[in-house]
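Next comes model_37.txt, a file with compact mmCIF, C-alpha atoms.
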# COMPACT_ATOMS: atom_id res chain seq x y z
CA MET Q 1 -33.65 9.94 13.21
CA ALA Q 2 -32.24 12.92 15.10
CA SER Q 3 -28.69 14.07 14.32
CA TRP Q 4 -25.91 13.95 16.90
CA ASP Q 5 -22.57 15.57 17.67
CA GLY Q 6 -19.78 13.11 16.86
CA ASN Q 7 -17.34 14.65 19.36
CA GLU Q 8 -19.95 14.51 22.12
CA VAL Q 9 -20.85 10.92 21.27
CA LEU Q 10 -17.22 9.74 21.50
CA LYS Q 11 -16.07 11.86 24.45
CA ASN Q 12 -16.08 8.90 26.90
CA ILE Q 13 -15.09 6.20 24.41
CA LYS Q 14 -11.60 4.73 24.25
CA ILE Q 15 -10.61 4.42 20.58
CA ASP Q 16 -7.75 2.37 19.16
CA THR Q 17 -7.85 2.38 15.35
CA ASP Q 18 -5.16 -0.30 14.89
CA MET Q 19 -6.66 -3.09 12.74
CA SER Q 20 -3.89 -5.67 13.27
CA LYS Q 21 -5.82 -7.64 15.90
CA ILE Q 22 -8.88 -7.90 13.65
CA ASP Q 23 -6.67 -8.91 10.72
CA THR Q 24 -5.32 -11.74 12.88
CA GLU Q 25 -8.57 -12.96 14.44
CA TYR Q 26 -10.78 -12.42 11.37
CA PRO Q 27 -8.40 -12.62 8.38
CA SER Q 28 -9.69 -11.96 4.90
CA ASN Q 29 -9.38 -15.64 3.95
CA CYS Q 30 -12.14 -16.54 6.42
CA LEU Q 31 -14.47 -13.80 5.18
CA PRO Q 32 -16.66 -13.97 2.07
CA ILE Q 33 -15.44 -12.85 -1.32
CA LYS Q 34 -19.00 -11.94 -2.29
CA LEU Q 35 -21.98 -11.31 -0.03
CA ASN Q 36 -24.90 -13.74 -0.05
CA LYS Q 37 -28.33 -12.31 -0.77
CA ARG Q 38 -30.34 -11.15 2.22
CA THR Q 39 -33.69 -12.86 2.76
CA GLY Q 40 -37.05 -11.97 4.33
CA LYS Q 41 -37.50 -8.44 5.64
CA ALA Q 42 -33.75 -8.05 5.83
CA LYS Q 43 -33.83 -7.46 2.06
CA LYS Q 44 -35.44 -4.08 2.79
CA CYS Q 45 -33.04 -2.94 5.51
CA GLN Q 46 -30.98 0.19 4.92
CA PHE Q 47 -27.27 0.62 4.41
CA GLU Q 48 -25.75 1.57 7.78
CA ALA Q 49 -28.96 3.30 8.79
CA ILE Q 50 -31.90 2.18 10.91
CA ASP Q 51 -35.60 2.12 10.10
CA VAL Q 52 -37.30 1.44 13.44
CA ASN Q 53 -40.63 0.93 11.68
CA MET Q 54 -39.48 -1.96 9.47
CA TYR Q 55 -40.57 -4.56 12.03
CA GLU Q 56 -43.54 -4.70 14.35
CA GLU Q 57 -42.80 -3.11 17.72
CA SER Q 58 -43.48 -6.45 19.41
CA ALA Q 59 -40.55 -7.98 17.52
CA HIS Q 60 -38.13 -5.79 19.50
CA MET Q 61 -35.77 -5.91 16.53
CA ILE Q 62 -33.96 -3.77 13.97
CA THR Q 63 -31.58 -4.61 11.13
CA PHE Q 64 -29.24 -2.77 8.80
CA HIS Q 65 -26.52 -3.89 6.43
CA THR Q 66 -23.03 -2.99 5.27
CA SER Q 67 -20.88 -3.72 2.22
CA ILE Q 68 -18.33 -6.45 1.53
CA ASN Q 69 -15.32 -4.15 1.98
CA ARG Q 70 -16.54 -2.87 5.37
CA ILE Q 71 -16.93 -6.20 7.18
CA GLN Q 72 -13.61 -6.01 9.02
CA PRO Q 73 -14.09 -2.34 10.01
CA TRP Q 74 -17.52 -3.18 11.43
CA ILE Q 75 -16.04 -6.08 13.41
CA LYS Q 76 -13.47 -3.61 14.73
CA ALA Q 77 -16.13 -1.04 15.62
CA LEU Q 78 -18.25 -3.63 17.45
CA SER Q 79 -15.17 -4.87 19.30
CA LEU Q 80 -14.21 -1.34 20.35
CA LEU Q 81 -17.65 -0.51 21.71
CA TYR Q 82 -18.71 -3.75 23.36
CA PHE Q 83 -15.47 -5.50 24.23
CA ASP Q 84 -13.04 -2.65 24.96
CA ASN Q 85 -15.48 -0.11 26.43
CA MET Q 86 -18.81 -1.50 27.62
CA GLY Q 87 -17.08 -4.71 28.65
CA ASN Q 88 -15.16 -2.73 31.27
CA GLN Q 89 -18.28 -1.11 32.74
CA GLU Q 90 -19.90 -2.50 35.88
CA ASP Q 91 -23.46 -2.14 34.57
CA ASN Q 92 -22.93 -4.53 31.65
CA VAL Q 93 -21.85 -8.10 31.11
CA ILE Q 94 -20.66 -8.69 27.53
CA LYS Q 95 -20.34 -12.09 25.89
CA TRP Q 96 -18.74 -12.31 22.43
CA SER Q 97 -19.09 -15.55 20.46
CA ASP Q 98 -18.27 -16.77 16.96
CA VAL Q 99 -20.99 -18.96 15.46
CA PRO Q 100 -19.90 -21.60 14.63
CA GLU Q 101 -16.63 -21.56 16.55
CA ARG Q 102 -14.67 -22.32 13.38
CA TRP Q 103 -15.65 -20.88 10.01
CA SER Q 104 -14.55 -23.69 7.73
CA ASP Q 105 -16.60 -22.37 4.80
CA ARG Q 106 -16.14 -18.65 4.25
CA HIS Q 107 -19.52 -18.40 2.47
CA ASP Q 108 -21.58 -20.40 4.98
CA VAL Q 109 -24.69 -18.35 5.84
CA ALA Q 110 -24.35 -19.49 9.46
CA ASN Q 111 -21.07 -17.62 9.93
CA SER Q 112 -21.84 -14.86 12.40
CA ILE Q 113 -20.66 -12.97 15.45
CA LEU Q 114 -23.04 -12.94 18.42
CA ILE Q 115 -22.66 -10.25 21.09
CA GLU Q 116 -24.84 -10.51 24.19
CA ILE Q 117 -25.39 -7.52 26.48
CA ARG Q 118 -26.70 -8.61 29.87
CA ASP Q 119 -27.63 -7.00 33.15
CA PRO Q 120 -24.94 -7.95 35.73
CA SER Q 121 -27.28 -8.15 38.72
CA GLU Q 122 -29.77 -10.69 37.37
CA HIS Q 123 -27.85 -11.71 34.24
CA ILE Q 124 -30.94 -10.90 32.18
CA LEU Q 125 -30.40 -10.35 28.47
CA LYS Q 126 -30.91 -6.72 27.50
CA TYR Q 127 -30.34 -7.24 23.79
CA ASN Q 128 -28.01 -9.06 21.46
CA VAL Q 129 -26.19 -7.93 18.33
CA THR Q 130 -25.68 -10.50 15.57
CA PHE Q 131 -23.42 -9.76 12.63
CA PHE Q 132 -24.13 -12.15 9.75
CA VAL Q 133 -20.84 -11.67 7.94
CA THR Q 134 -21.80 -13.54 4.75
CA THR Q 135 -24.71 -11.19 4.06
CA GLY Q 136 -23.31 -8.07 5.74
CA THR Q 137 -26.45 -7.87 7.91
CA ILE Q 138 -26.38 -6.65 11.50
CA ARG Q 139 -29.44 -7.55 13.58
CA VAL Q 140 -30.26 -6.24 17.04
CA GLN Q 141 -32.95 -7.94 19.11
CA GLY Q 142 -34.07 -7.87 22.73
CA SER Q 143 -36.26 -6.06 25.21
CA ASN Q 144 -33.84 -3.10 25.35
CA TYR Q 145 -33.15 -2.92 21.60
CA LEU Q 146 -34.01 0.79 21.56
CA SER Q 147 -30.99 1.36 23.77
CA PHE Q 148 -28.89 0.23 20.80
CA VAL Q 149 -30.79 2.58 18.48
CA GLU Q 150 -30.45 5.62 20.73
CA LYS Q 151 -27.01 5.08 22.31
CA ASP Q 152 -24.90 2.40 20.64
CA PHE Q 153 -25.61 3.05 16.97
CA PRO Q 154 -24.48 6.72 16.96
CA ILE Q 155 -21.24 5.65 18.64
CA LEU Q 156 -20.65 2.87 16.12
CA ILE Q 157 -21.20 5.23 13.19
CA GLU Q 158 -18.70 7.73 14.60
CA ILE Q 159 -16.16 4.95 15.17
CA MET Q 160 -16.62 3.87 11.57
CA LYS Q 161 -15.93 7.43 10.44
CA LEU Q 162 -12.66 7.39 12.39
CA LEU Q 163 -11.68 4.04 10.91
CA ASP Q 164 -12.47 5.35 7.41
CA THR Q 165 -10.26 8.39 8.02
CA CYS Q 166 -7.34 6.32 9.32
CA GLU Q 167 -7.59 3.90 6.41
CA ASN Q 168 -7.51 6.78 3.90
CA ASP Q 169 -4.53 8.36 5.68
CA GLU Q 170 -2.57 5.10 5.59
CA THR Q 171 -3.35 4.65 1.93
CA SER Q 172 -2.08 8.17 1.19
CA LEU Q 173 1.14 7.53 3.09
CA LYS Q 174 1.79 4.18 1.40
CA THR Q 175 0.88 5.29 -2.12
CA ILE Q 176 3.79 7.04 -3.81
CA GLU Q 177 3.68 8.49 -7.28
CA GLY Q 178 4.90 5.98 -9.83
CA HIS Q 179 4.04 2.90 -7.75
CA GLU Q 180 1.01 0.64 -7.62
CA PRO Q 181 -1.06 0.86 -4.37
CA ASN Q 182 -0.13 -2.73 -3.43
CA GLU Q 183 3.55 -2.37 -4.27
CA VAL Q 184 5.93 -2.58 -1.34
CA VAL Q 185 7.53 0.82 -0.81
CA THR Q 186 10.80 1.03 1.10
CA GLN Q 187 12.30 3.99 2.90
CA GLN Q 188 14.98 4.18 0.21
CA THR Q 189 12.26 4.54 -2.41
CA ILE Q 190 10.81 7.45 -0.48
CA ASN Q 191 14.21 9.09 -0.10
CA ASP Q 192 14.85 8.69 -3.81
CA GLN Q 193 11.55 10.31 -4.74
CA VAL Q 194 11.26 13.05 -2.15
CA MET Q 195 13.45 15.98 -3.20
CA THR Q 196 13.00 19.55 -2.05
CA VAL Q 197 12.99 22.46 -4.47
CA SER Q 198 16.28 23.70 -3.08
CA GLU Q 199 17.90 20.30 -3.62
CA LYS Q 200 16.66 20.22 -7.19
CA GLN Q 201 17.95 23.75 -7.79
CA THR Q 202 21.34 22.87 -6.27
CA LYS Q 203 21.68 19.83 -8.52
CA THR Q 204 20.60 21.87 -11.55
CA ASP Q 205 23.11 24.62 -10.79
CA ALA Q 206 25.87 22.05 -10.25
CA ASN Q 207 25.09 20.43 -13.58
CA ASN Q 208 25.13 23.81 -15.33
CA ILE Q 209 28.49 24.67 -13.78
CA ASN Q 210 29.93 21.32 -14.84
CA GLU Q 211 28.65 21.88 -18.38
CA GLU Q 212 30.14 25.37 -18.45
CA LYS Q 213 33.50 24.11 -17.18
CA SER Q 214 33.43 21.38 -19.78
CA GLU Q 215 32.69 23.88 -22.55
CA VAL Q 216 35.50 26.21 -21.44
CA SER Q 217 37.91 23.30 -21.19
CA GLN Q 218 37.02 22.07 -24.67
CA ASN Q 219 37.29 25.54 -26.22
CA LEU Q 220 40.60 26.34 -24.53
CA LYS Q 221 42.20 23.01 -25.38
CA PRO Q 222 44.80 23.79 -28.08
CA THR Q 223 44.84 21.67 -31.20
CA ASN Q 224 48.02 19.96 -32.23
CA PRO Q 225 49.73 22.29 -34.74
CA LYS Q 226 50.58 20.96 -38.17
CA ILE Q 227 54.29 21.63 -38.53
CA ASP Q 228 55.98 21.93 -41.89
CA ASN Q 229 59.66 21.10 -41.44
CA ASN Q 230 60.48 23.15 -44.53
CA ASN Q 231 59.25 26.41 -42.90
CA THR Q 232 61.70 28.91 -41.66
CA ALA Q 233 61.96 30.08 -38.02
CA ALA Q 234 60.13 33.26 -38.95
CA ASP Q 235 57.25 31.28 -40.40
CA THR Q 236 57.11 29.16 -37.25
CA LEU Q 237 57.02 32.26 -35.02
CA SER Q 238 54.34 33.80 -37.21
CA GLN Q 239 52.22 30.65 -37.00
CA THR Q 240 52.62 30.59 -33.22
CA GLU Q 241 51.36 34.16 -32.95
CA VAL Q 242 48.36 33.28 -35.07
CA ASN Q 243 47.56 30.32 -32.83
CA LEU Q 244 47.85 32.47 -29.70
CA SER Q 245 45.58 35.07 -31.23
CA ARG Q 246 42.98 32.43 -32.05
CA LEU Q 247 43.23 30.99 -28.56
CA GLN Q 248 42.72 34.40 -27.00
CA GLN Q 249 39.71 35.10 -29.21
CA CYS Q 250 38.25 31.69 -28.35
CA PHE Q 251 38.67 32.43 -24.66
CA LEU Q 252 36.90 35.80 -25.01
CA ASP Q 253 34.06 34.23 -27.02
CA THR Q 254 33.53 31.59 -24.33
CA ILE Q 255 33.45 34.19 -21.55
CA CYS Q 256 30.85 36.18 -23.47
CA LYS Q 257 28.68 33.10 -23.99
CA LEU Q 258 28.77 32.27 -20.28
CA GLN Q 259 27.90 35.84 -19.33
CA ILE Q 260 24.93 35.92 -21.76
CA ARG Q 261 23.69 32.57 -20.46
CA ARG Q 262 23.76 33.76 -16.85
CA ILE Q 263 21.93 36.99 -17.76
CA ASN Q 264 19.18 35.03 -19.59
CA LYS Q 265 18.88 32.56 -16.72
CA TYR Q 266 18.20 35.13 -14.01
CA SER Q 267 16.34 37.75 -16.04

The structure in this file should be written as structure tokens.
Amino acid sequence: MASWDGNEVLKNIKIDTDMSKIDTEYPSNCLPIKLNKRTGKAKKCQFEAIDVNMYEESAHMITFHTSINRIQPWIKALSLLYFDNMGNQEDNVIKWSDVPERWSDRHDVANSILIEIRDPSEHILKYNVTFFVTTGTIRVQGSNYLSFVEKDFPILIEIMKLLDTCENDETSLKTIEGHEPNEVVTQQTINDQVMTVSEKQTKTDANNINEEKSEVSQNLKPTNPKIDNNNTAADTLSQTEVNLSRLQQCFLDTICKLQIRRINKYS
């Protein structure tokens, strides 16, 4: 199949990547946990690619399949193309149906989405798209099925690429180091974890200053002198001078230590 330019393909397509509507209308609890096996020729269909030679030309049909974790994105892509875009064009009449109307059994092989594309003038069916959600198979059938192959499919693939990108971006934003992917992350958690280099440096410097002040305070704090009442006044004066001398030396030693520490830190 020929390659195409994604930007060119999507230039006239309105894209809204918000999945909340799909989550509401097709919640995970109504979708299969595990895909059923495909049957018949559908077993040979390709993953999100089309082999136009898989069926006889007279069948006017193609199929491809997707994986269990891409069911909701494919529903979203189909909705964007057929409901939001082609549904607003005058040259198409789009009918979207859930078969059956209520999916009581999430693994029922009958669970499917049927999209009919009709000509508005005569209401003739051009082709229909059926998404069998329990097998992940998408089948296109009708007289104009090649229109899907040539026009619709490239658009759908590009939409899926956009949805993949948005999903990865959201995951990156919600996943914070030290937390599980499914853990609820609050703004306070983000604020606690996000710290600039300058903030870290400021806190480090403040801590160092506090430690230095504490060390100076401890070293300069005089010890209670042991006084001998039997000493003379001269002895007391002599002891006082000794204490002052020690205090002065302690102060000088502390200043030297601080100066050496600062030199080592910034050298």

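Going from CA of Val140 in chain Q to CA of Ile62 in chain Q covers 5.4 Å.
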
Checklist line | Ile157 in chain Q environment, 10 Å, all atoms listed in the file, sequence neighbours closer than 2 positions dropped, as number ranges by chain | finding: Q: 6, 9, 48-49, 74, 77, 152-155, 159-163

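CA of Pro73 in chain Q to CA of Glu150 in chain Q spans 21.1 Å [interatomic distance, one decimal].
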
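Across the structure, CA of Ser79 in chain Q and CA of Trp96 in chain Q are spaced 8.8 Å apart.
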
Excluding Ser121 in chain Q and its own-chain neighbours fewer than 5 positions away, which residues fall within 12 Å of it when counting all atoms listed in the file? Please give them as a ChimeraX atom specification.
/Q:90-93,126

Keeping C-alpha atoms, export the residues of the selection given above as a PDB file, in the coordinates of the input.
ATOM      1  CA  GLU Q  90     -19.900  -2.500  35.880  1.00  0.00           C
ATOM      2  CA  ASP Q  91     -23.460  -2.140  34.570  1.00  0.00           C
ATOM      3  CA  ASN Q  92     -22.930  -4.530  31.650  1.00  0.00           C
ATOM      4  CA  VAL Q  93     -21.850  -8.100  31.110  1.00  0.00           C
ATOM      5  CA  LYS Q 126     -30.910  -6.720  27.500  1.00  0.00           C
TER       6      LYS Q 126
END

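Compared by their closest atoms to Tyr26 in chain Q, and using only C-alpha atoms, the residues Q:Leu258, Q:Leu81, Q:Ile75, Q:Ile138 rank with Q:Ile75 nearest.
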
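Every protein, DNA or RNA residue with an atom at most 12 Å from Lys21 in chain Q, where all atoms listed in the file count and chain neighbours fewer than 2 positions away do not, is listed here: Q:Asp16, Q:Thr17, Q:Asp18, Q:Met19, Q:Asp23, Q:Thr24, Q:Glu25, Q:Tyr26, Q:Pro27, Q:Gln72, Q:Pro73, Q:Ile75, Q:Lys76, Q:Ser79, Q:Leu80.
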
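With distances taken from (-27.6, -10.3, 29.1) and restricted to all atoms listed in the file, the residues inside 10 Å are Asn92, Val93, Ile94, Lys95, Ile115, Glu116, Ile117, Arg118, Asp119, Pro120, Ser121, Glu122, His123, Ile124, Leu125, Lys126, Tyr127, Asn128 and Gly142 of chain Q.
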